[in-house]
$ cat data_35.tsv   # TSV, C-alpha atoms
chain	number	residue	atom	x	y	z
A	5	MET	CA	0.00	0.00	0.00
A	6	SER	CA	1.58	3.26	-1.16
A	7	SER	CA	-0.98	5.50	0.63
A	8	PHE	CA	-3.36	5.05	3.56
A	9	ASP	CA	-6.96	4.12	2.67
A	10	TYR	CA	-9.88	2.55	4.51
A	11	PRO	CA	-11.06	-0.71	2.91
A	12	ILE	CA	-13.23	-2.99	5.02
A	13	LEU	CA	-11.31	-6.21	5.61
A	14	SER	CA	-12.98	-9.58	5.75
A	15	ARG	CA	-12.95	-11.62	8.91
A	16	SER	CA	-10.39	-14.06	7.50
A	17	ASP	CA	-8.09	-11.20	6.46
A	18	ILE	CA	-8.33	-9.72	9.96
A	19	ILE	CA	-7.43	-13.08	11.53
A	20	SER	CA	-4.48	-13.61	9.17
A	21	ILE	CA	-3.10	-10.06	9.63
A	22	LEU	CA	-3.32	-10.38	13.41
A	23	ALA	CA	-1.48	-13.69	13.27
A	24	GLU	CA	1.22	-12.47	10.82
A	25	SER	CA	1.83	-9.31	12.84
A	26	GLN	CA	2.00	-11.43	16.04
A	27	ILE	CA	-0.53	-9.14	17.68
A	28	ALA	CA	-3.01	-11.80	18.81
A	29	ALA	CA	-4.08	-15.32	17.88
A	30	VAL	CA	-7.85	-15.29	17.23
A	31	THR	CA	-10.30	-17.62	15.51
A	32	ASP	CA	-13.51	-17.21	13.60
A	33	ASN	CA	-15.43	-18.54	16.58
A	34	ASP	CA	-14.16	-15.58	18.66
A	35	PHE	CA	-15.93	-13.20	16.29
A	36	LYS	CA	-19.11	-15.29	16.16
A	37	ASN	CA	-19.40	-15.44	19.95
A	38	ILE	CA	-17.85	-12.07	20.60
A	39	LYS	CA	-17.33	-11.08	24.25
A	40	PRO	CA	-16.34	-7.80	25.93
A	41	ASP	CA	-13.18	-9.26	27.46
A	42	PHE	CA	-12.02	-10.54	24.07
A	43	VAL	CA	-12.69	-7.16	22.42
A	44	SER	CA	-10.98	-5.20	25.22
A	45	ASN	CA	-7.94	-7.47	25.13
A	46	LEU	CA	-7.71	-7.24	21.31
A	47	TYR	CA	-8.04	-3.45	21.28
A	48	THR	CA	-5.42	-3.19	24.02
A	49	ARG	CA	-2.96	-5.32	22.03
A	50	LEU	CA	-3.55	-3.17	18.94
A	51	LEU	CA	-2.96	0.06	20.85
A	52	ILE	CA	0.25	-1.34	22.33
A	53	TYR	CA	1.36	-2.40	18.82
A	54	LEU	CA	0.73	1.19	17.58
A	55	ASP	CA	2.56	2.68	20.61
A	56	ALA	CA	-0.66	4.49	21.53
A	57	LEU	CA	-0.72	2.71	24.89
A	58	ASN	CA	2.19	1.68	27.09
A	59	GLU	CA	2.14	-1.88	28.32
A	60	GLU	CA	3.36	-0.72	31.73
A	61	ASP	CA	0.53	1.82	32.11
A	62	GLN	CA	-2.15	-0.72	31.22
A	63	GLY	CA	-4.66	-1.08	34.05
A	64	GLN	CA	-3.12	1.64	36.23
A	65	VAL	CA	-5.26	4.43	37.68
A	66	GLU	CA	-4.07	7.64	39.27
A	67	PHE	CA	-4.11	7.64	43.06
A	68	SER	CA	-5.61	11.14	43.17
A	69	ALA	CA	-8.70	9.82	41.35
A	70	LEU	CA	-8.97	6.77	43.62
A	71	GLU	CA	-8.81	8.87	46.78
A	72	GLN	CA	-12.02	10.70	45.85
A	73	ILE	CA	-14.04	7.43	45.68
A	74	GLU	CA	-15.28	5.54	48.71
A	75	ASN	CA	-14.85	2.00	47.31
A	76	PRO	CA	-12.16	2.26	44.62
A	77	ASP	CA	-11.65	-1.53	44.45
A	78	LEU	CA	-15.14	-1.94	42.97
A	79	LEU	CA	-14.52	0.63	40.23
A	80	ILE	CA	-11.00	-0.25	39.07
A	81	GLY	CA	-12.44	-2.28	36.17
A	82	SER	CA	-14.65	0.64	35.14
A	83	PHE	CA	-11.65	2.99	35.20
A	84	GLN	CA	-9.71	0.60	32.96
A	85	VAL	CA	-12.61	0.37	30.49
A	86	MET	CA	-12.99	4.16	30.37
A	87	ASN	CA	-9.25	4.65	29.88
A	88	LEU	CA	-9.28	2.18	26.99
A	89	TYR	CA	-12.42	3.81	25.58
A	90	CYS	CA	-10.80	7.28	25.58
A	91	ARG	CA	-7.68	5.99	23.84
A	92	LEU	CA	-9.75	4.19	21.21
A	93	ARG	CA	-11.85	7.29	20.52
A	94	GLU	CA	-8.68	9.32	19.98
A	95	VAL	CA	-7.30	6.69	17.57
A	96	MET	CA	-10.57	6.41	15.64
A	97	ALA	CA	-10.84	10.19	15.39
A	98	SER	CA	-7.30	10.40	14.02
A	99	LEU	CA	-8.19	7.71	11.44
A	100	ASN	CA	-11.36	9.62	10.38
A	101	CYS	CA	-13.48	6.54	10.93
A	102	PRO	CA	-16.96	7.00	9.36
A	103	MET	CA	-18.55	5.19	12.31
A	104	GLN	CA	-18.40	6.81	15.72
A	105	PHE	CA	-16.84	4.63	18.38
A	106	ASN	CA	-18.88	4.58	21.59
A	107	LEU	CA	-18.80	2.83	24.94
A	108	ARG	CA	-21.27	0.19	23.81
A	109	ASP	CA	-18.62	-1.14	21.39
A	110	LEU	CA	-16.59	-2.19	24.44
A	111	ILE	CA	-19.34	-3.31	26.81
A	112	LYS	CA	-21.67	-4.99	24.31
A	113	PRO	CA	-19.68	-5.28	21.10
A	114	ASP	CA	-21.33	-5.91	17.76
A	115	PRO	CA	-19.41	-8.24	15.36
A	116	ARG	CA	-20.02	-6.04	12.31
A	117	ARG	CA	-18.98	-2.79	14.02
A	118	THR	CA	-16.03	-4.50	15.66
A	119	GLU	CA	-14.79	-5.79	12.30
A	120	HIS	CA	-15.23	-2.29	10.87
A	121	PHE	CA	-13.11	-0.70	13.61
A	122	LEU	CA	-10.51	-3.46	13.42
A	123	SER	CA	-10.27	-2.94	9.65
A	124	GLY	CA	-9.44	0.74	10.15
A	125	ILE	CA	-6.81	0.03	12.79
A	126	LEU	CA	-5.22	-2.85	10.86
A	127	ASN	CA	-5.14	-0.82	7.64
A	128	PHE	CA	-3.30	1.89	9.51
A	129	CYS	CA	-0.93	-0.74	10.96
A	130	LEU	CA	-0.14	-2.00	7.45
A	131	TYR	CA	0.28	1.54	6.17
A	132	LYS	CA	2.59	2.42	9.05
A	133	GLU	CA	4.69	-0.73	8.54
A	134	THR	CA	5.02	0.03	4.79
A	135	LYS	CA	6.14	3.60	5.45
A	136	MET	CA	8.57	2.47	8.13
A	137	ASN	CA	10.09	-0.05	5.71
A	138	LEU	CA	10.57	2.77	3.18
A	139	LEU	CA	12.18	5.04	5.76
A	140	ARG	CA	14.31	2.34	7.40
A	141	PRO	CA	17.18	2.50	4.79
A	142	ILE	CA	17.36	6.28	5.21
A	143	VAL	CA	17.44	5.94	9.00
A	144	GLU	CA	20.15	3.27	8.77
A	145	GLU	CA	22.13	5.48	6.41
A	146	LEU	CA	21.78	8.37	8.86
A	147	ALA	CA	22.93	6.12	11.71
A	148	LEU	CA	25.92	5.02	9.62
A	149	LEU	CA	26.79	8.63	8.83
A	150	ASP	CA	26.44	9.51	12.50
A	151	ASP	CA	28.84	6.69	13.42
A	152	GLN	CA	31.29	7.91	10.79
A	153	ARG	CA	30.95	11.44	12.13
A	154	LYS	CA	31.71	10.22	15.65
A	155	GLU	CA	34.75	8.30	14.36
A	156	TRP	CA	36.04	11.38	12.52
A	157	GLU	CA	35.43	13.52	15.61
A	158	ALA	CA	37.35	11.02	17.75
A	159	LYS	CA	40.17	10.97	15.21
A	160	ILE	CA	40.20	14.76	15.03
A	161	SER	CA	40.29	15.03	18.81
A	162	GLN	CA	43.17	12.55	18.86
A	163	LEU	CA	45.01	14.55	16.20
A	164	ASN	CA	44.32	17.74	18.14
A	165	GLU	CA	45.83	16.14	21.23
A	166	GLU	CA	48.88	15.09	19.20
A	167	ILE	CA	49.15	18.60	17.72
A	168	ALA	CA	48.87	20.08	21.21
A	169	GLY	CA	51.61	17.72	22.38
A	170	TYR	CA	53.79	18.70	19.43
A	171	SER	CA	53.10	22.37	20.11
A	172	GLU	CA	54.00	21.99	23.79
A	173	ALA	CA	57.15	20.08	22.89
A	174	ARG	CA	58.02	22.74	20.33
A	175	GLU	CA	57.48	25.50	22.91
A	176	ARG	CA	59.55	23.62	25.45
A	177	GLU	CA	62.35	23.00	22.97
A	178	PHE	CA	62.17	26.45	21.37
A	179	PRO	CA	64.75	28.03	23.79
A	180	LEU	CA	67.02	25.03	23.23
A	181	VAL	CA	66.61	25.40	19.47
A	182	GLN	CA	67.43	29.08	19.67
A	183	GLU	CA	70.47	28.31	21.79
A	184	ILE	CA	71.59	25.59	19.38
A	185	GLU	CA	70.99	27.93	16.41
A	186	SER	CA	73.14	30.59	18.07
A	187	LYS	CA	75.81	27.97	18.77
A	188	VAL	CA	75.58	26.72	15.19
A	189	LYS	CA	75.92	30.29	13.93
A	190	GLU	CA	78.99	30.79	16.13
A	191	LEU	CA	80.41	27.45	15.03
A	192	ARG	CA	79.82	28.32	11.37
A	193	GLU	CA	81.65	31.58	11.86
A	194	MET	CA	84.38	29.65	13.66
A	195	ILE	CA	84.49	27.11	10.83
A	196	ALA	CA	84.80	29.92	8.31
A	197	GLY	CA	87.66	31.41	10.33
A	198	LEU	CA	89.28	28.00	10.74
A	199	ASN	CA	88.92	27.33	7.02
A	200	SER	CA	90.61	30.61	6.18
A	201	ASN	CA	93.28	29.88	8.80
A	202	GLN	CA	93.66	26.38	7.37
A	203	MET	CA	94.16	27.83	3.90
A	204	SER	CA	96.79	30.19	5.22
A	205	LEU	CA	98.42	27.32	7.13
A	206	ARG	CA	98.42	25.21	3.98
A	207	THR	CA	100.07	28.07	2.13
A	208	SER	CA	102.63	28.45	4.92
A	209	PHE	CA	103.11	24.67	4.94
A	210	ARG	CA	103.79	24.68	1.22
A	211	ASN	CA	106.21	27.58	1.62
A	212	LEU	CA	107.96	25.79	4.48
A	213	LYS	CA	108.09	22.61	2.45
A	214	GLU	CA	109.64	24.51	-0.43
A	215	LYS	CA	112.11	26.13	1.96
A	216	THR	CA	112.88	22.70	3.46
A	217	GLY	CA	113.52	21.38	-0.04
A	218	GLN	CA	115.78	24.30	-0.75
A	219	MET	CA	117.59	23.71	2.57
A	220	ASP	CA	117.97	20.03	1.73
A	221	GLU	CA	119.42	20.97	-1.65
A	222	LYS	CA	121.78	23.44	0.04
A	223	ILE	CA	122.79	20.80	2.62
A	224	SER	CA	123.36	18.22	-0.11
A	225	LYS	CA	125.32	20.74	-2.10
A	226	ALA	CA	127.32	21.70	1.00
A	227	GLU	CA	128.03	18.04	1.77
A	228	PHE	CA	129.06	17.48	-1.84
A	229	ASP	CA	131.24	20.56	-1.67
A	230	LEU	CA	132.65	19.32	1.64
A	231	VAL	CA	133.48	15.94	0.10
A	232	GLN	CA	135.11	17.68	-2.85
A	233	SER	CA	136.99	19.92	-0.47
A	234	VAL	CA	138.18	16.93	1.52
A	235	GLN	CA	139.35	15.29	-1.68
A	236	GLU	CA	141.01	18.45	-2.83
A	237	ASN	CA	142.66	18.81	0.57
A	238	ALA	CA	143.85	15.29	0.35
A	239	ASN	CA	145.27	15.93	-3.10
A	240	LEU	CA	146.84	19.13	-1.97
A	241	ARG	CA	148.29	17.46	1.10
A	242	SER	CA	149.82	14.92	-1.12
A	243	LYS	CA	151.30	17.62	-3.28
A	244	ILE	CA	152.24	20.31	-0.82
A	245	VAL	CA	152.82	20.68	2.78
A	246	GLN	CA	150.46	23.17	4.26
A	247	SER	CA	150.49	24.89	7.57
A	248	PRO	CA	148.66	22.90	10.23
A	249	ASP	CA	147.07	26.06	11.62
A	250	LYS	CA	145.49	27.07	8.33
A	251	LEU	CA	144.21	23.55	7.75
A	252	GLN	CA	142.71	23.40	11.21
A	253	ARG	CA	140.91	26.71	10.70
A	254	ALA	CA	139.52	25.60	7.34
A	255	LEU	CA	138.18	22.40	8.92
A	256	GLU	CA	136.55	24.30	11.78
A	257	GLU	CA	134.87	26.68	9.32
A	258	LYS	CA	133.47	23.72	7.36
A	259	LYS	CA	132.19	22.12	10.59
A	260	LEU	CA	130.48	25.36	11.64
A	261	ALA	CA	128.77	25.64	8.25
A	262	ARG	CA	127.60	22.03	8.53
A	263	ASP	CA	126.27	22.53	12.09
A	264	GLU	CA	124.36	25.64	11.02
A	265	ALA	CA	122.78	23.77	8.13
A	266	LYS	CA	121.71	20.89	10.46
A	267	TYR	CA	120.27	23.37	13.00
A	268	ALA	CA	118.26	25.09	10.26
A	269	GLU	CA	116.96	21.69	9.13
A	270	ARG	CA	115.95	20.84	12.72
A	271	LEU	CA	114.06	24.14	13.09
A	272	ALA	CA	112.24	23.52	9.78
A	273	MET	CA	111.12	20.02	10.89
A	274	GLN	CA	109.92	21.35	14.26
A	275	SER	CA	107.88	24.07	12.55
A	276	PHE	CA	106.43	21.47	10.15
A	277	GLN	CA	105.31	19.22	13.08
A	278	GLU	CA	103.67	22.18	14.85
A	279	LYS	CA	101.71	23.12	11.73
A	280	THR	CA	100.63	19.46	11.31
A	281	ALA	CA	99.30	19.36	14.91
A	282	THR	CA	97.35	22.59	14.31
A	283	VAL	CA	95.76	21.09	11.17
A	284	GLU	CA	94.68	18.00	13.18
A	285	VAL	CA	93.03	20.23	15.85
A	286	TYR	CA	91.12	22.08	13.13
A	287	SER	CA	90.00	18.76	11.59
A	288	LYS	CA	88.58	17.55	14.93
A	289	ALA	CA	86.70	20.84	15.39
A	290	LEU	CA	85.26	20.46	11.88
A	291	LYS	CA	83.93	16.96	12.76
A	292	LYS	CA	82.19	18.30	15.89
A	293	MET	CA	80.61	21.10	13.90
A	294	SER	CA	79.30	18.54	11.37
A	295	LYS	CA	77.62	16.58	14.20
A	296	HIS	CA	75.91	19.74	15.52
A	297	PHE	CA	74.72	20.60	12.02
A	298	ALA	CA	73.19	17.09	11.61
A	299	LEU	CA	71.34	17.56	14.94
A	300	MET	CA	69.88	20.85	13.69
A	301	GLN	CA	68.68	19.16	10.50
A	302	ALA	CA	66.88	16.45	12.57
A	303	ILE	CA	65.12	19.13	14.68
A	304	HIS	CA	64.08	20.94	11.50
A	305	GLU	CA	62.60	17.69	10.11
A	306	GLN	CA	60.55	17.22	13.32
A	307	VAL	CA	59.13	20.75	12.95
A	308	ASN	CA	58.19	19.99	9.33
A	309	SER	CA	56.42	16.74	10.40
A	310	ALA	CA	54.40	18.69	13.00
A	311	LYS	CA	53.33	21.13	10.28
A	312	SER	CA	52.24	18.25	8.01
A	313	VAL	CA	50.13	16.76	10.86
A	314	GLU	CA	48.46	20.16	11.34
A	315	LYS	CA	47.62	20.31	7.61
A	316	GLU	CA	46.12	16.80	7.76
A	317	CYS	CA	43.96	17.86	10.76
A	318	LYS	CA	42.63	20.84	8.77
A	319	GLY	CA	41.73	18.47	5.90
A	320	LEU	CA	39.86	16.15	8.28
A	321	LYS	CA	37.93	19.11	9.73
A	322	ALA	CA	36.90	20.16	6.21
A	323	LYS	CA	35.75	16.60	5.47
A	324	LEU	CA	33.78	16.52	8.74
A	325	SER	CA	31.98	19.76	7.76
A	326	ASP	CA	31.08	18.13	4.41
A	327	ASP	CA	29.63	15.12	6.30
A	328	VAL	CA	27.56	17.48	8.49
A	329	VAL	CA	26.17	19.19	5.36
A	330	LEU	CA	25.31	15.74	3.95
A	331	ASP	CA	23.51	14.80	7.21
A	332	LYS	CA	21.45	17.99	7.04
A	333	SER	CA	20.50	17.33	3.39
A	334	LEU	CA	19.42	13.77	4.25
A	335	GLU	CA	17.33	15.06	7.18
A	336	ALA	CA	15.69	17.60	4.84
A	337	LYS	CA	14.86	14.77	2.39
A	338	LEU	CA	13.40	12.71	5.24
A	339	ILE	CA	11.18	15.63	6.38
A	340	GLU	CA	10.10	16.22	2.78
A	341	ARG	CA	9.12	12.56	2.35
A	342	GLN	CA	7.22	12.57	5.64
A	343	GLY	CA	5.35	15.70	4.52
A	344	LYS	CA	4.46	14.05	1.21
A	345	GLY	CA	3.18	10.96	3.08
A	346	SER	CA	1.00	13.10	5.40
A	347	TRP	CA	-0.43	15.01	2.41
A	348	THR	CA	-1.26	11.73	0.62
A	349	ILE	CA	-3.00	10.37	3.75
A	350	GLY	CA	-5.19	13.47	4.08
A	351	ARG	CA	-6.09	13.43	0.41
A	352	THR	CA	-7.01	9.73	0.50
A	353	GLN	CA	-9.11	10.15	3.64
A	354	LYS	CA	-11.04	13.04	2.07
A	355	ALA	CA	-11.72	10.91	-1.04
A	356	VAL	CA	-12.97	7.99	1.07
A	357	THR	CA	-15.25	10.30	3.08
A	358	LYS	CA	-16.67	11.83	-0.10
A	359	ARG	CA	-17.30	8.34	-1.55
A	360	LYS	CA	-19.08	7.19	1.61
A	361	ARG	CA	-21.27	10.27	1.61
A	362	SER	CA	-22.19	9.75	-2.04
A	363	GLN	CA	-23.12	6.11	-1.27
A	364	VAL	CA	-25.31	7.23	1.62
$ encode --input "data_35.tsv" --output "structure tokens"
Amino acid sequence: MSSFDYPILSRSDIISILAESQIAAVTDNDFKNIKPDFVSNLYTRLLIYLDALNEEDQGQVEFSALEQIENPDLLIGSFQVMNLYCRLREVMASLNCPMQFNLRDLIKPDPRRTEHFLSGILNFCLYKETKMNLLRPIVEELALLDDQRKEWEAKISQLNEEIAGYSEAREREFPLVQEIESKVKELREMIAGLNSNQMSLRTSFRNLKEKTGQMDEKISKAEFDLVQSVQENANLRSKIVQSPDKLQRALEEKKLARDEAKYAERLAMQSFQEKTATVEVYSKALKKMSKHFALMQAIHEQVNSAKSVEKECKGLKAKLSDDVVLDKSLEAKLIERQGKGSWTIGRTQKAVTKRKRSQV
């Protein structure tokens, strides 16, 4: 049934619908020998099925009403019947039943009128079940979207906590970073100075090396000259007799020249060793500066990762706002469909009333 109407159901249809809906198990004999208790029980079950009557409130009467009666125990049944009668009148009025429901239909029910009222209520039950089946996928989809929204909100809150932790850590480490940056700046300046000093030391080392080579050549030349002189002296001694004093002086002069050359060589080697030690000190300082620079790069990478997490959080918030807009559009569609269903019910009821009046 796509819209609510009011056909009169047969007795067999009423029995089958009650059984299929698990409202009550009745037989044809119950309608032939209809009794007030049977009718009251059946109407009560139908009202409970339509959520028009709470099962817990069934048979309860307000204490304020009982206090005003002398023998309330004798009238509890009457209160229950009147309560059920008022609820049934409200339901029948909302269904625009052509027959007016009265108290006699509960106390002394008529089979034909009872079947007429049951047809109206059961038709509305079928109509309600059909509409609920149509709306159930939308409700499930809304529930699924709500669960997704809650998951995204939980994830966003988690990311916000992580971002807050990163921000706190960044604020805590910011003075240390500034200190390290100042140290790195000083070390870079020191490295630049050491590099320039190293270049000058390398230039001095090359100059000293050249001077050492020149000194070695001079020493070799002096030794060669000394050997030649010794040979010449030997030749001359063999040829002439020289004065021992002059020969002694010449030998002493040669020894002094040789000692001076060796002393100059020793000074050059000492200077070369000192320059080598200075170069090693500068190399160690350069290694330490490289380690500090690597530490600064790692801290910079952590800051970049925190920024990427913040960008991802902004994307998730934008997606959550899109999901909220989708929820609102689905709710608007649901309200629109409910409005269309209510308009169709009113139009059908007016048509049925007009047809009944024309038949009368």
$ closest_residue --input "data_35.tsv" --among "A:Val95, A:Leu54, A:Ala289, A:Leu122" --to "Ile21 in chain A" --atoms "all atoms listed in the file"
A:Leu122
$ residues_around --input "data_35.tsv" --residues "Leu320 in chain A" --least-positions-apart "5" --cutoff "9 Å" --atoms "all atoms listed in the file" --output "PyMOL selection string"
chain A and resi 156-157+159-160+315+325
$ residues_around --input "data_35.tsv" --residues "Lys215 in chain A" --least-positions-apart "5" --cutoff "12 Å" --atoms "all atoms listed in the file" --output "list of chain:residue names"
A:Ser208, A:Phe209, A:Arg210, A:Asp220, A:Glu221, A:Lys222, A:Ile223, A:Ala268, A:Glu269, A:Leu271, A:Ala272, A:Met273, A:Ser275, A:Phe276
$ write_last_selection --input "data_35.tsv" --atoms "C-alpha atoms" --output "mmCIF file, in the frame of the given file"
data_model
loop_
_atom_site.group_PDB
_atom_site.id
_atom_site.type_symbol
_atom_site.label_atom_id
_atom_site.label_comp_id
_atom_site.auth_asym_id
_atom_site.auth_seq_id
_atom_site.Cartn_x
_atom_site.Cartn_y
_atom_site.Cartn_z
ATOM 1 C CA SER A 208 102.630 28.450 4.920
ATOM 2 C CA PHE A 209 103.110 24.670 4.940
ATOM 3 C CA ARG A 210 103.790 24.680 1.220
ATOM 4 C CA ASP A 220 117.970 20.030 1.730
ATOM 5 C CA GLU A 221 119.420 20.970 -1.650
ATOM 6 C CA LYS A 222 121.780 23.440 0.040
ATOM 7 C CA ILE A 223 122.790 20.800 2.620
ATOM 8 C CA ALA A 268 118.260 25.090 10.260
ATOM 9 C CA GLU A 269 116.960 21.690 9.130
ATOM 10 C CA LEU A 271 114.060 24.140 13.090
ATOM 11 C CA ALA A 272 112.240 23.520 9.780
ATOM 12 C CA MET A 273 111.120 20.020 10.890
ATOM 13 C CA SER A 275 107.880 24.070 12.550
ATOM 14 C CA PHE A 276 106.430 21.470 10.150
#
$ residues_around --input "data_35.tsv" --residues "Glu145 in chain A" --least-positions-apart "6" --cutoff "12 Å" --atoms "all atoms listed in the file" --output "PyMOL selection string"
chain A and resi 139+151-152+330-331+334-335+338
$ closest_residue --input "data_35.tsv" --among "A:Gln84, A:Pro115, A:Leu255, A:Ser14" --to "Phe35 in chain A" --atoms "only C-alpha atoms"
A:Pro115
$ atom_distance --input "data_35.tsv" --atom1 "CA of Asp229 in chain A" --atom2 "CA of Glu214 in chain A"
22.0 Å
$ closest_residue --input "data_35.tsv" --among "A:Tyr47, A:Met136, A:Ser20, A:Ala29" --to "Arg93 in chain A" --atoms "all atoms listed in the file"
A:Tyr47
$ closest_residue --input "data_35.tsv" --among "A:Leu130, A:Lys279, A:Ser25, A:Glu284" --to "Asn211 in chain A" --atoms "only C-alpha atoms"
A:Lys279
$ residues_around --input "data_35.tsv" --residues "Ala173 in chain A" --least-positions-apart "5" --cutoff "12 Å" --atoms "only C-alpha atoms" --output "list in words"
Glu166, Ile167, Ala168, Phe178, Pro179, Leu180, Val181, Ile303, Gln306, Val307 and Ala310 of chain A
$ residues_near_point --input "data_35.tsv" --point "(-11.5, 3.9, 19.8)" --cutoff "10 Å" --atoms "all atoms listed in the file" --output "VMD selection string"
chain A and resid 47 51 88 to 99 101 104 to 107 109 to 110 121 to 122 125
$ atom_distance --input "data_35.tsv" --atom1 "CA of Glu340 in chain A" --atom2 "CA of Ala147 in chain A"
18.6 Å
$ atom_distance --input "data_35.tsv" --atom1 "CA of Leu13 in chain A" --atom2 "CA of Thr48 in chain A"
19.6 Å
$ closest_residue --input "data_35.tsv" --among "A:Phe228, A:Tyr267, A:Tyr170, A:Phe42" --to "Asn308 in chain A" --atoms "all atoms listed in the file"
A:Tyr170
